[in-house]
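A.B. asks: Hey, dropping entry-v3.txt in here, compact mmCIF, N, CA and C atoms:
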```
# COMPACT_ATOMS: atom_id res chain seq x y z
N MET A 1 0.83 -1.20 0.00
CA MET A 1 0.00 0.00 0.00
C MET A 1 0.87 1.25 0.00
N ASN A 2 2.02 1.21 0.64
CA ASN A 2 2.92 2.36 0.65
C ASN A 2 3.37 2.73 -0.74
N THR A 3 3.64 1.72 -1.57
CA THR A 3 4.07 1.98 -2.94
C THR A 3 2.96 2.67 -3.72
N ILE A 4 1.75 2.23 -3.54
CA ILE A 4 0.61 2.83 -4.23
C ILE A 4 0.47 4.29 -3.79
N HIS A 5 0.58 4.53 -2.48
CA HIS A 5 0.47 5.90 -1.98
C HIS A 5 1.56 6.78 -2.59
N THR A 6 2.77 6.27 -2.70
CA THR A 6 3.87 7.02 -3.29
C THR A 6 3.59 7.33 -4.75
N ILE A 7 3.06 6.35 -5.47
CA ILE A 7 2.73 6.55 -6.88
C ILE A 7 1.65 7.62 -7.02
N ILE A 8 0.65 7.57 -6.16
CA ILE A 8 -0.44 8.54 -6.22
C ILE A 8 0.09 9.94 -5.94
N VAL A 9 0.91 10.06 -4.91
CA VAL A 9 1.49 11.38 -4.58
C VAL A 9 2.31 11.89 -5.75
N PHE A 10 3.08 11.01 -6.39
CA PHE A 10 3.86 11.41 -7.55
C PHE A 10 2.96 11.91 -8.67
N PHE A 11 1.90 11.16 -8.96
CA PHE A 11 0.99 11.56 -10.03
C PHE A 11 0.28 12.87 -9.71
N ILE A 12 -0.11 13.07 -8.46
CA ILE A 12 -0.77 14.30 -8.07
C ILE A 12 0.19 15.47 -8.26
N GLY A 13 1.43 15.30 -7.82
CA GLY A 13 2.44 16.34 -8.02
C GLY A 13 2.64 16.64 -9.49
N ALA A 14 2.70 15.59 -10.30
CA ALA A 14 2.88 15.77 -11.74
C ALA A 14 1.67 16.48 -12.35
N LEU A 15 0.48 16.18 -11.85
CA LEU A 15 -0.73 16.83 -12.35
C LEU A 15 -0.65 18.33 -12.15
N ILE A 16 -0.34 18.71 -10.93
CA ILE A 16 -0.31 20.13 -10.61
C ILE A 16 0.83 20.80 -11.36
N ALA A 17 1.96 20.14 -11.45
CA ALA A 17 3.09 20.71 -12.20
C ALA A 17 2.71 20.88 -13.67
N ASN A 18 2.00 19.89 -14.22
CA ASN A 18 1.57 19.96 -15.61
C ASN A 18 0.60 21.12 -15.81
N ALA A 19 -0.31 21.29 -14.86
CA ALA A 19 -1.27 22.39 -14.96
C ALA A 19 -0.53 23.71 -14.90
N GLN A 20 0.54 23.75 -14.16
CA GLN A 20 1.29 24.99 -14.02
C GLN A 20 1.99 25.37 -15.31
N ASP A 21 2.15 24.45 -16.24
CA ASP A 21 2.76 24.79 -17.52
C ASP A 21 1.91 25.78 -18.29
N ARG A 22 0.62 25.73 -18.09
CA ARG A 22 -0.30 26.61 -18.81
C ARG A 22 -0.76 27.76 -17.91
N ASP A 23 -1.29 27.42 -16.77
CA ASP A 23 -1.82 28.41 -15.85
C ASP A 23 -0.82 28.68 -14.73
N CYS A 24 -0.89 29.84 -14.19
CA CYS A 24 0.00 30.23 -13.10
C CYS A 24 -0.68 29.85 -11.79
N MET A 25 -0.37 28.68 -11.30
CA MET A 25 -1.01 28.14 -10.10
C MET A 25 -0.20 28.49 -8.86
N LEU A 26 -0.91 28.82 -7.79
CA LEU A 26 -0.26 29.09 -6.51
C LEU A 26 0.08 27.80 -5.78
N GLY A 27 -0.77 26.81 -5.90
CA GLY A 27 -0.55 25.54 -5.22
C GLY A 27 -1.02 25.56 -3.78
N VAL A 28 -2.18 26.18 -3.53
CA VAL A 28 -2.73 26.24 -2.18
C VAL A 28 -2.86 24.83 -1.60
N GLY A 29 -3.20 23.86 -2.42
CA GLY A 29 -3.34 22.49 -1.95
C GLY A 29 -2.03 21.75 -1.82
N GLY A 30 -0.94 22.38 -2.20
CA GLY A 30 0.37 21.73 -2.16
C GLY A 30 1.03 21.83 -0.80
N SER A 31 2.29 21.48 -0.78
CA SER A 31 3.01 21.39 0.49
C SER A 31 3.90 22.60 0.76
N ASP A 32 3.85 23.62 -0.07
CA ASP A 32 4.77 24.74 0.09
C ASP A 32 4.04 26.03 0.46
N SER A 33 3.19 25.94 1.47
CA SER A 33 2.40 27.10 1.90
C SER A 33 3.27 28.24 2.41
N GLU A 34 4.37 27.89 3.05
CA GLU A 34 5.24 28.93 3.62
C GLU A 34 5.79 29.86 2.53
N THR A 35 6.08 29.31 1.37
CA THR A 35 6.54 30.14 0.27
C THR A 35 5.47 31.14 -0.14
N ILE A 36 4.23 30.70 -0.21
CA ILE A 36 3.12 31.59 -0.55
C ILE A 36 3.02 32.71 0.48
N VAL A 37 3.13 32.35 1.76
CA VAL A 37 3.04 33.34 2.83
C VAL A 37 4.14 34.38 2.68
N GLN A 38 5.36 33.93 2.43
CA GLN A 38 6.49 34.84 2.34
C GLN A 38 6.46 35.70 1.08
N VAL A 39 6.25 35.07 -0.06
CA VAL A 39 6.30 35.81 -1.33
C VAL A 39 5.22 36.89 -1.40
N PHE A 40 4.04 36.57 -0.91
CA PHE A 40 2.92 37.51 -1.01
C PHE A 40 2.64 38.25 0.30
N GLN A 41 3.47 38.01 1.30
CA GLN A 41 3.35 38.68 2.60
C GLN A 41 1.91 38.65 3.10
N LEU A 42 1.39 37.43 3.24
CA LEU A 42 0.01 37.27 3.69
C LEU A 42 -0.15 37.73 5.13
N ASN A 43 -1.30 38.32 5.42
CA ASN A 43 -1.59 38.70 6.80
C ASN A 43 -2.22 37.51 7.54
N LYS A 44 -2.47 37.68 8.83
CA LYS A 44 -2.98 36.57 9.66
C LYS A 44 -4.29 36.01 9.13
N ASP A 45 -5.20 36.89 8.73
CA ASP A 45 -6.49 36.42 8.21
C ASP A 45 -6.31 35.61 6.93
N GLN A 46 -5.45 36.09 6.05
CA GLN A 46 -5.19 35.37 4.80
C GLN A 46 -4.53 34.02 5.07
N ILE A 47 -3.60 33.99 6.02
CA ILE A 47 -2.94 32.73 6.37
C ILE A 47 -3.96 31.75 6.91
N GLY A 48 -4.83 32.23 7.79
CA GLY A 48 -5.87 31.36 8.35
C GLY A 48 -6.78 30.78 7.28
N LYS A 49 -7.20 31.62 6.34
CA LYS A 49 -8.04 31.15 5.24
C LYS A 49 -7.29 30.13 4.38
N MET A 50 -6.03 30.43 4.08
CA MET A 50 -5.25 29.51 3.25
C MET A 50 -5.12 28.15 3.93
N ILE A 51 -4.86 28.13 5.22
CA ILE A 51 -4.74 26.86 5.96
C ILE A 51 -6.07 26.11 5.93
N GLU A 52 -7.15 26.85 6.12
CA GLU A 52 -8.49 26.24 6.07
C GLU A 52 -8.76 25.64 4.69
N TRP A 53 -8.46 26.40 3.63
CA TRP A 53 -8.71 25.93 2.28
C TRP A 53 -7.80 24.77 1.90
N ARG A 54 -6.59 24.78 2.41
CA ARG A 54 -5.68 23.67 2.13
C ARG A 54 -6.24 22.37 2.72
N ALA A 55 -6.76 22.46 3.93
CA ALA A 55 -7.37 21.29 4.57
C ALA A 55 -8.60 20.82 3.78
N GLU A 56 -9.42 21.77 3.33
CA GLU A 56 -10.58 21.42 2.51
C GLU A 56 -10.15 20.73 1.22
N PHE A 57 -9.10 21.28 0.60
CA PHE A 57 -8.60 20.69 -0.65
C PHE A 57 -8.15 19.25 -0.41
N GLU A 58 -7.43 19.02 0.67
CA GLU A 58 -6.95 17.67 0.97
C GLU A 58 -8.10 16.69 1.12
N VAL A 59 -9.16 17.12 1.80
CA VAL A 59 -10.33 16.26 1.98
C VAL A 59 -11.02 16.02 0.63
N SER A 60 -11.24 17.09 -0.11
CA SER A 60 -11.94 16.98 -1.39
C SER A 60 -11.15 16.17 -2.41
N SER A 61 -9.84 16.38 -2.46
CA SER A 61 -9.03 15.67 -3.44
C SER A 61 -8.82 14.21 -3.06
N ARG A 62 -9.00 13.88 -1.79
CA ARG A 62 -8.84 12.49 -1.34
C ARG A 62 -9.79 11.57 -2.10
N VAL A 63 -10.99 12.04 -2.40
CA VAL A 63 -11.97 11.24 -3.15
C VAL A 63 -11.37 10.84 -4.50
N TYR A 64 -10.78 11.81 -5.20
CA TYR A 64 -10.20 11.53 -6.51
C TYR A 64 -8.95 10.67 -6.38
N GLN A 65 -8.16 10.92 -5.35
CA GLN A 65 -6.96 10.11 -5.13
C GLN A 65 -7.34 8.65 -4.87
N ASP A 66 -8.40 8.45 -4.10
CA ASP A 66 -8.88 7.09 -3.84
C ASP A 66 -9.40 6.43 -5.12
N GLU A 67 -10.06 7.22 -5.95
CA GLU A 67 -10.54 6.69 -7.23
C GLU A 67 -9.36 6.30 -8.12
N ILE A 68 -8.31 7.10 -8.10
CA ILE A 68 -7.12 6.77 -8.90
C ILE A 68 -6.49 5.47 -8.39
N THR A 69 -6.39 5.34 -7.07
CA THR A 69 -5.84 4.11 -6.49
C THR A 69 -6.66 2.90 -6.93
N LYS A 70 -7.98 3.02 -6.80
CA LYS A 70 -8.86 1.93 -7.20
C LYS A 70 -8.72 1.63 -8.69
N LEU A 71 -8.63 2.67 -9.50
CA LEU A 71 -8.48 2.50 -10.94
C LEU A 71 -7.22 1.69 -11.26
N PHE A 72 -6.08 2.07 -10.67
CA PHE A 72 -4.83 1.36 -10.94
C PHE A 72 -4.83 -0.05 -10.37
N ASP A 73 -5.55 -0.24 -9.25
CA ASP A 73 -5.59 -1.56 -8.62
C ASP A 73 -6.50 -2.55 -9.35
N THR A 74 -7.56 -2.04 -9.99
CA THR A 74 -8.57 -2.94 -10.52
C THR A 74 -8.70 -2.96 -12.04
N HIS A 75 -8.18 -1.96 -12.70
CA HIS A 75 -8.38 -1.88 -14.15
C HIS A 75 -7.45 -2.85 -14.88
N ALA A 76 -7.99 -3.50 -15.88
CA ALA A 76 -7.18 -4.41 -16.71
C ALA A 76 -6.07 -3.61 -17.40
N GLN A 77 -4.89 -4.24 -17.50
CA GLN A 77 -3.74 -3.57 -18.12
C GLN A 77 -2.96 -4.52 -19.02
N SER A 78 -3.66 -5.49 -19.58
CA SER A 78 -2.96 -6.52 -20.34
C SER A 78 -2.84 -6.23 -21.83
N SER A 79 -3.60 -5.28 -22.32
CA SER A 79 -3.52 -4.97 -23.75
C SER A 79 -3.38 -3.47 -23.95
N SER A 80 -3.03 -3.09 -25.15
CA SER A 80 -2.90 -1.65 -25.44
C SER A 80 -4.26 -0.96 -25.33
N GLU A 81 -5.34 -1.67 -25.66
CA GLU A 81 -6.67 -1.10 -25.52
C GLU A 81 -7.01 -0.86 -24.06
N ASP A 82 -6.64 -1.83 -23.20
CA ASP A 82 -6.85 -1.67 -21.75
C ASP A 82 -6.09 -0.46 -21.24
N LEU A 83 -4.85 -0.32 -21.68
CA LEU A 83 -4.02 0.80 -21.22
C LEU A 83 -4.56 2.13 -21.72
N GLN A 84 -5.08 2.16 -22.93
CA GLN A 84 -5.66 3.39 -23.46
C GLN A 84 -6.90 3.78 -22.65
N THR A 85 -7.73 2.80 -22.34
CA THR A 85 -8.93 3.06 -21.54
C THR A 85 -8.53 3.55 -20.14
N LEU A 86 -7.52 2.90 -19.55
CA LEU A 86 -7.00 3.32 -18.25
C LEU A 86 -6.51 4.76 -18.31
N SER A 87 -5.77 5.07 -19.35
CA SER A 87 -5.24 6.42 -19.53
C SER A 87 -6.37 7.45 -19.62
N ASN A 88 -7.40 7.13 -20.37
CA ASN A 88 -8.53 8.05 -20.53
C ASN A 88 -9.25 8.28 -19.20
N LYS A 89 -9.46 7.20 -18.45
CA LYS A 89 -10.13 7.32 -17.15
C LYS A 89 -9.25 8.11 -16.17
N TYR A 90 -7.96 7.86 -16.22
CA TYR A 90 -7.03 8.59 -15.35
C TYR A 90 -7.04 10.08 -15.70
N ARG A 91 -7.05 10.40 -16.97
CA ARG A 91 -7.05 11.80 -17.42
C ARG A 91 -8.26 12.56 -16.88
N VAL A 92 -9.41 11.91 -16.85
CA VAL A 92 -10.61 12.54 -16.32
C VAL A 92 -10.42 12.88 -14.84
N LEU A 93 -9.88 11.93 -14.08
CA LEU A 93 -9.64 12.17 -12.65
C LEU A 93 -8.57 13.24 -12.45
N LYS A 94 -7.54 13.20 -13.27
CA LYS A 94 -6.47 14.20 -13.20
C LYS A 94 -7.04 15.59 -13.44
N ASP A 95 -7.88 15.73 -14.44
CA ASP A 95 -8.48 17.02 -14.75
C ASP A 95 -9.35 17.53 -13.60
N LYS A 96 -10.02 16.62 -12.90
CA LYS A 96 -10.84 17.02 -11.75
C LYS A 96 -9.96 17.56 -10.62
N ILE A 97 -8.82 16.93 -10.40
CA ILE A 97 -7.91 17.41 -9.35
C ILE A 97 -7.32 18.76 -9.73
N ILE A 98 -6.97 18.93 -10.98
CA ILE A 98 -6.43 20.22 -11.44
C ILE A 98 -7.49 21.32 -11.28
N ALA A 99 -8.72 21.03 -11.66
CA ALA A 99 -9.80 22.01 -11.53
C ALA A 99 -10.03 22.37 -10.06
N LEU A 100 -9.95 21.37 -9.20
CA LEU A 100 -10.12 21.61 -7.77
C LEU A 100 -8.98 22.47 -7.23
N SER A 101 -7.78 22.17 -7.64
CA SER A 101 -6.62 22.96 -7.22
C SER A 101 -6.76 24.41 -7.68
N LYS A 102 -7.17 24.58 -8.91
CA LYS A 102 -7.36 25.92 -9.46
C LYS A 102 -8.44 26.68 -8.69
N GLU A 103 -9.50 25.98 -8.31
CA GLU A 103 -10.59 26.59 -7.55
C GLU A 103 -10.07 27.16 -6.22
N TYR A 104 -9.22 26.40 -5.53
CA TYR A 104 -8.70 26.87 -4.25
C TYR A 104 -7.67 27.99 -4.44
N ASP A 105 -6.90 27.94 -5.50
CA ASP A 105 -5.99 29.05 -5.81
C ASP A 105 -6.79 30.33 -6.06
N GLU A 106 -7.89 30.21 -6.78
CA GLU A 106 -8.73 31.38 -7.07
C GLU A 106 -9.34 31.95 -5.79
N LYS A 107 -9.69 31.07 -4.85
CA LYS A 107 -10.21 31.57 -3.57
C LYS A 107 -9.18 32.45 -2.88
N LEU A 108 -7.93 32.01 -2.87
CA LEU A 108 -6.89 32.81 -2.23
C LEU A 108 -6.67 34.11 -3.00
N LEU A 109 -6.64 34.03 -4.31
CA LEU A 109 -6.45 35.24 -5.12
C LEU A 109 -7.54 36.28 -4.87
N ARG A 110 -8.76 35.82 -4.59
CA ARG A 110 -9.87 36.74 -4.34
C ARG A 110 -9.67 37.57 -3.08
N ILE A 111 -8.87 37.05 -2.14
CA ILE A 111 -8.67 37.83 -0.91
C ILE A 111 -7.31 38.55 -0.91
N PHE A 112 -6.59 38.48 -2.02
CA PHE A 112 -5.37 39.27 -2.16
C PHE A 112 -5.74 40.75 -2.25
N ASN A 113 -4.89 41.59 -1.70
CA ASN A 113 -5.07 43.02 -1.93
C ASN A 113 -4.46 43.35 -3.30
N GLU A 114 -4.61 44.58 -3.72
CA GLU A 114 -4.15 44.95 -5.06
C GLU A 114 -2.65 44.73 -5.24
N LYS A 115 -1.87 45.06 -4.23
CA LYS A 115 -0.41 44.91 -4.30
C LYS A 115 -0.01 43.43 -4.40
N GLN A 116 -0.68 42.58 -3.64
CA GLN A 116 -0.40 41.13 -3.69
C GLN A 116 -0.74 40.56 -5.06
N TYR A 117 -1.90 40.97 -5.58
CA TYR A 117 -2.30 40.47 -6.89
C TYR A 117 -1.34 40.96 -7.98
N GLN A 118 -0.91 42.19 -7.87
CA GLN A 118 0.03 42.73 -8.85
C GLN A 118 1.33 41.92 -8.83
N ARG A 119 1.79 41.57 -7.63
CA ARG A 119 3.01 40.74 -7.51
C ARG A 119 2.79 39.38 -8.17
N TYR A 120 1.65 38.78 -7.89
CA TYR A 120 1.30 37.49 -8.51
C TYR A 120 1.31 37.61 -10.03
N TYR A 121 0.64 38.65 -10.53
CA TYR A 121 0.53 38.86 -11.96
C TYR A 121 1.92 39.01 -12.60
N GLU A 122 2.76 39.81 -12.00
CA GLU A 122 4.10 40.05 -12.53
C GLU A 122 4.95 38.77 -12.50
N LEU A 123 4.87 38.02 -11.41
CA LEU A 123 5.63 36.76 -11.33
C LEU A 123 5.16 35.77 -12.39
N CYS A 124 3.87 35.72 -12.61
CA CYS A 124 3.34 34.81 -13.63
C CYS A 124 3.86 35.20 -15.01
N LYS A 125 3.80 36.47 -15.31
CA LYS A 125 4.27 36.94 -16.62
C LYS A 125 5.77 36.67 -16.79
N GLU A 126 6.56 36.89 -15.73
CA GLU A 126 7.99 36.61 -15.79
C GLU A 126 8.26 35.13 -16.06
N ALA A 127 7.41 34.29 -15.51
CA ALA A 127 7.56 32.85 -15.68
C ALA A 127 6.95 32.34 -16.98
N GLY A 128 6.32 33.23 -17.74
CA GLY A 128 5.70 32.83 -18.99
C GLY A 128 4.43 32.03 -18.80
N ARG A 129 3.74 32.28 -17.70
CA ARG A 129 2.50 31.56 -17.41
C ARG A 129 1.32 32.53 -17.42
N ASN A 130 0.15 31.96 -17.55
CA ASN A 130 -1.08 32.76 -17.61
C ASN A 130 -1.65 32.94 -16.20
N PRO A 131 -1.72 34.19 -15.71
CA PRO A 131 -2.32 34.42 -14.39
C PRO A 131 -3.79 34.00 -14.39
N LEU A 132 -4.23 33.43 -13.28
CA LEU A 132 -5.64 33.09 -13.14
C LEU A 132 -6.42 34.38 -13.00
N GLN A 133 -7.53 34.45 -13.67
CA GLN A 133 -8.40 35.62 -13.58
C GLN A 133 -9.42 35.37 -12.48
N VAL A 134 -9.48 36.27 -11.54
CA VAL A 134 -10.43 36.12 -10.46
C VAL A 134 -11.76 36.74 -10.86
N THR A 135 -12.83 36.35 -10.18
CA THR A 135 -14.17 36.80 -10.56
C THR A 135 -14.36 38.27 -10.27
N ALA A 136 -15.38 38.82 -10.86
CA ALA A 136 -15.64 40.25 -10.77
C ALA A 136 -15.95 40.72 -9.35
N ASN A 137 -16.38 39.82 -8.46
CA ASN A 137 -16.69 40.26 -7.10
C ASN A 137 -15.44 40.46 -6.26
N SER A 138 -14.29 40.27 -6.86
CA SER A 138 -13.03 40.45 -6.16
C SER A 138 -12.65 41.93 -6.11
N THR A 139 -11.77 42.26 -5.18
CA THR A 139 -11.31 43.63 -5.05
C THR A 139 -10.05 43.88 -5.84
N VAL A 140 -9.49 42.86 -6.48
CA VAL A 140 -8.28 43.05 -7.26
C VAL A 140 -8.64 43.37 -8.70
N PRO A 141 -7.78 44.09 -9.39
CA PRO A 141 -8.08 44.47 -10.77
C PRO A 141 -8.10 43.26 -11.68
N GLN A 142 -8.95 43.29 -12.69
CA GLN A 142 -9.04 42.18 -13.64
C GLN A 142 -7.89 42.17 -14.63
N ASN A 143 -7.36 43.31 -14.97
CA ASN A 143 -6.27 43.41 -15.92
C ASN A 143 -5.31 44.48 -15.41
N PRO A 144 -4.38 44.10 -14.51
CA PRO A 144 -3.59 45.09 -13.81
C PRO A 144 -2.51 45.78 -14.64
N GLU A 145 -2.41 45.55 -15.91
CA GLU A 145 -1.37 46.22 -16.71
C GLU A 145 -1.71 47.66 -17.00
```
Let me see the file written as structure tokens.
C.D. replies:
Amino acid sequence: MNTIHTIIVFFIGALIANAQDRDCMLGVGGSDSETIVQVFQLNKDQIGKMIEWRAEFEVSSRVYQDEITKLFDTHAQSSSEDLQTLSNKYRVLKDKIIALSKEYDEKLLRIFNEKQYQRYYELCKEAGRNPLQVTANSTVPQNPE
């Protein structure tokens, strides 16, 4: 079971890293919260929310992680057709985890002040990634350039 858990953690990390190739993800659900706190100089309220959302993400993503474990444990893998079907089913679960991660990143971005969002936007552009656009009910600018 430890090997399976390691494989799942690896795949989850790869999912988020892959998503980061296109979108500029903060990784609220990841393990590097301290970097987010330091880079964006989060205040106590923001840190509290981020910790809360990280815990929610872990609970919510556990469902998909368990489905991935079950998929790898039970799905036939003896033919190329089996492997293609497995790949397609895995991709669906992977996309759900990425969407969930993005949702929690957007929650944090919505409580950024203008200066924090500007820093995020600039870092994303420097990295050649697309900043996530937060909803109109946010206090940060939609197009800070």
A.B. asks: What separation in Å, quoted to one decimal, exists between atom C of A:Trp53 and atom N of A:Leu71?
C.D. replies: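 The value is 24.9 Å.
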A.B. asks: From the list A:Tyr104, A:Asp23, A:Val39, A:Asp32, which residue is nearest A:Gly128 when using all atoms listed in the file?
C.D. replies: A:Asp23
A.B. asks: Quick one: distance from atom CA of A:Pro131 to atom C of A:Arg22 in Å, one decimal?
C.D. replies: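 Separation of atom CA of A:Pro131 and atom C of A:Arg22: 7.7 Å.
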A.B. asks: One decimal, Å: what's the distance from atom CA of A:Phe72 over to atom CA of A:Ser33, could you say?
C.D. replies: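 Those two atoms sit 29.7 Å apart.
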A.B. asks: Looking at only N, CA and C atoms, which of A:Tyr120, A:Tyr90, A:Phe112, A:Tyr64 is the one that sits closest to A:Gln46?
C.D. replies: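 Among A:Tyr120, A:Tyr90, A:Phe112, A:Tyr64, it is A:Phe112 that comes nearest to A:Gln46.
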A.B. asks: Quick one: residues within 8 Å of A:Leu86, only N, CA and C atoms, excluding same-chain residues fewer than 4 positions away - as a ChimeraX atom specification?
C.D. replies: /A:71-72,75-77,80-82,90-92
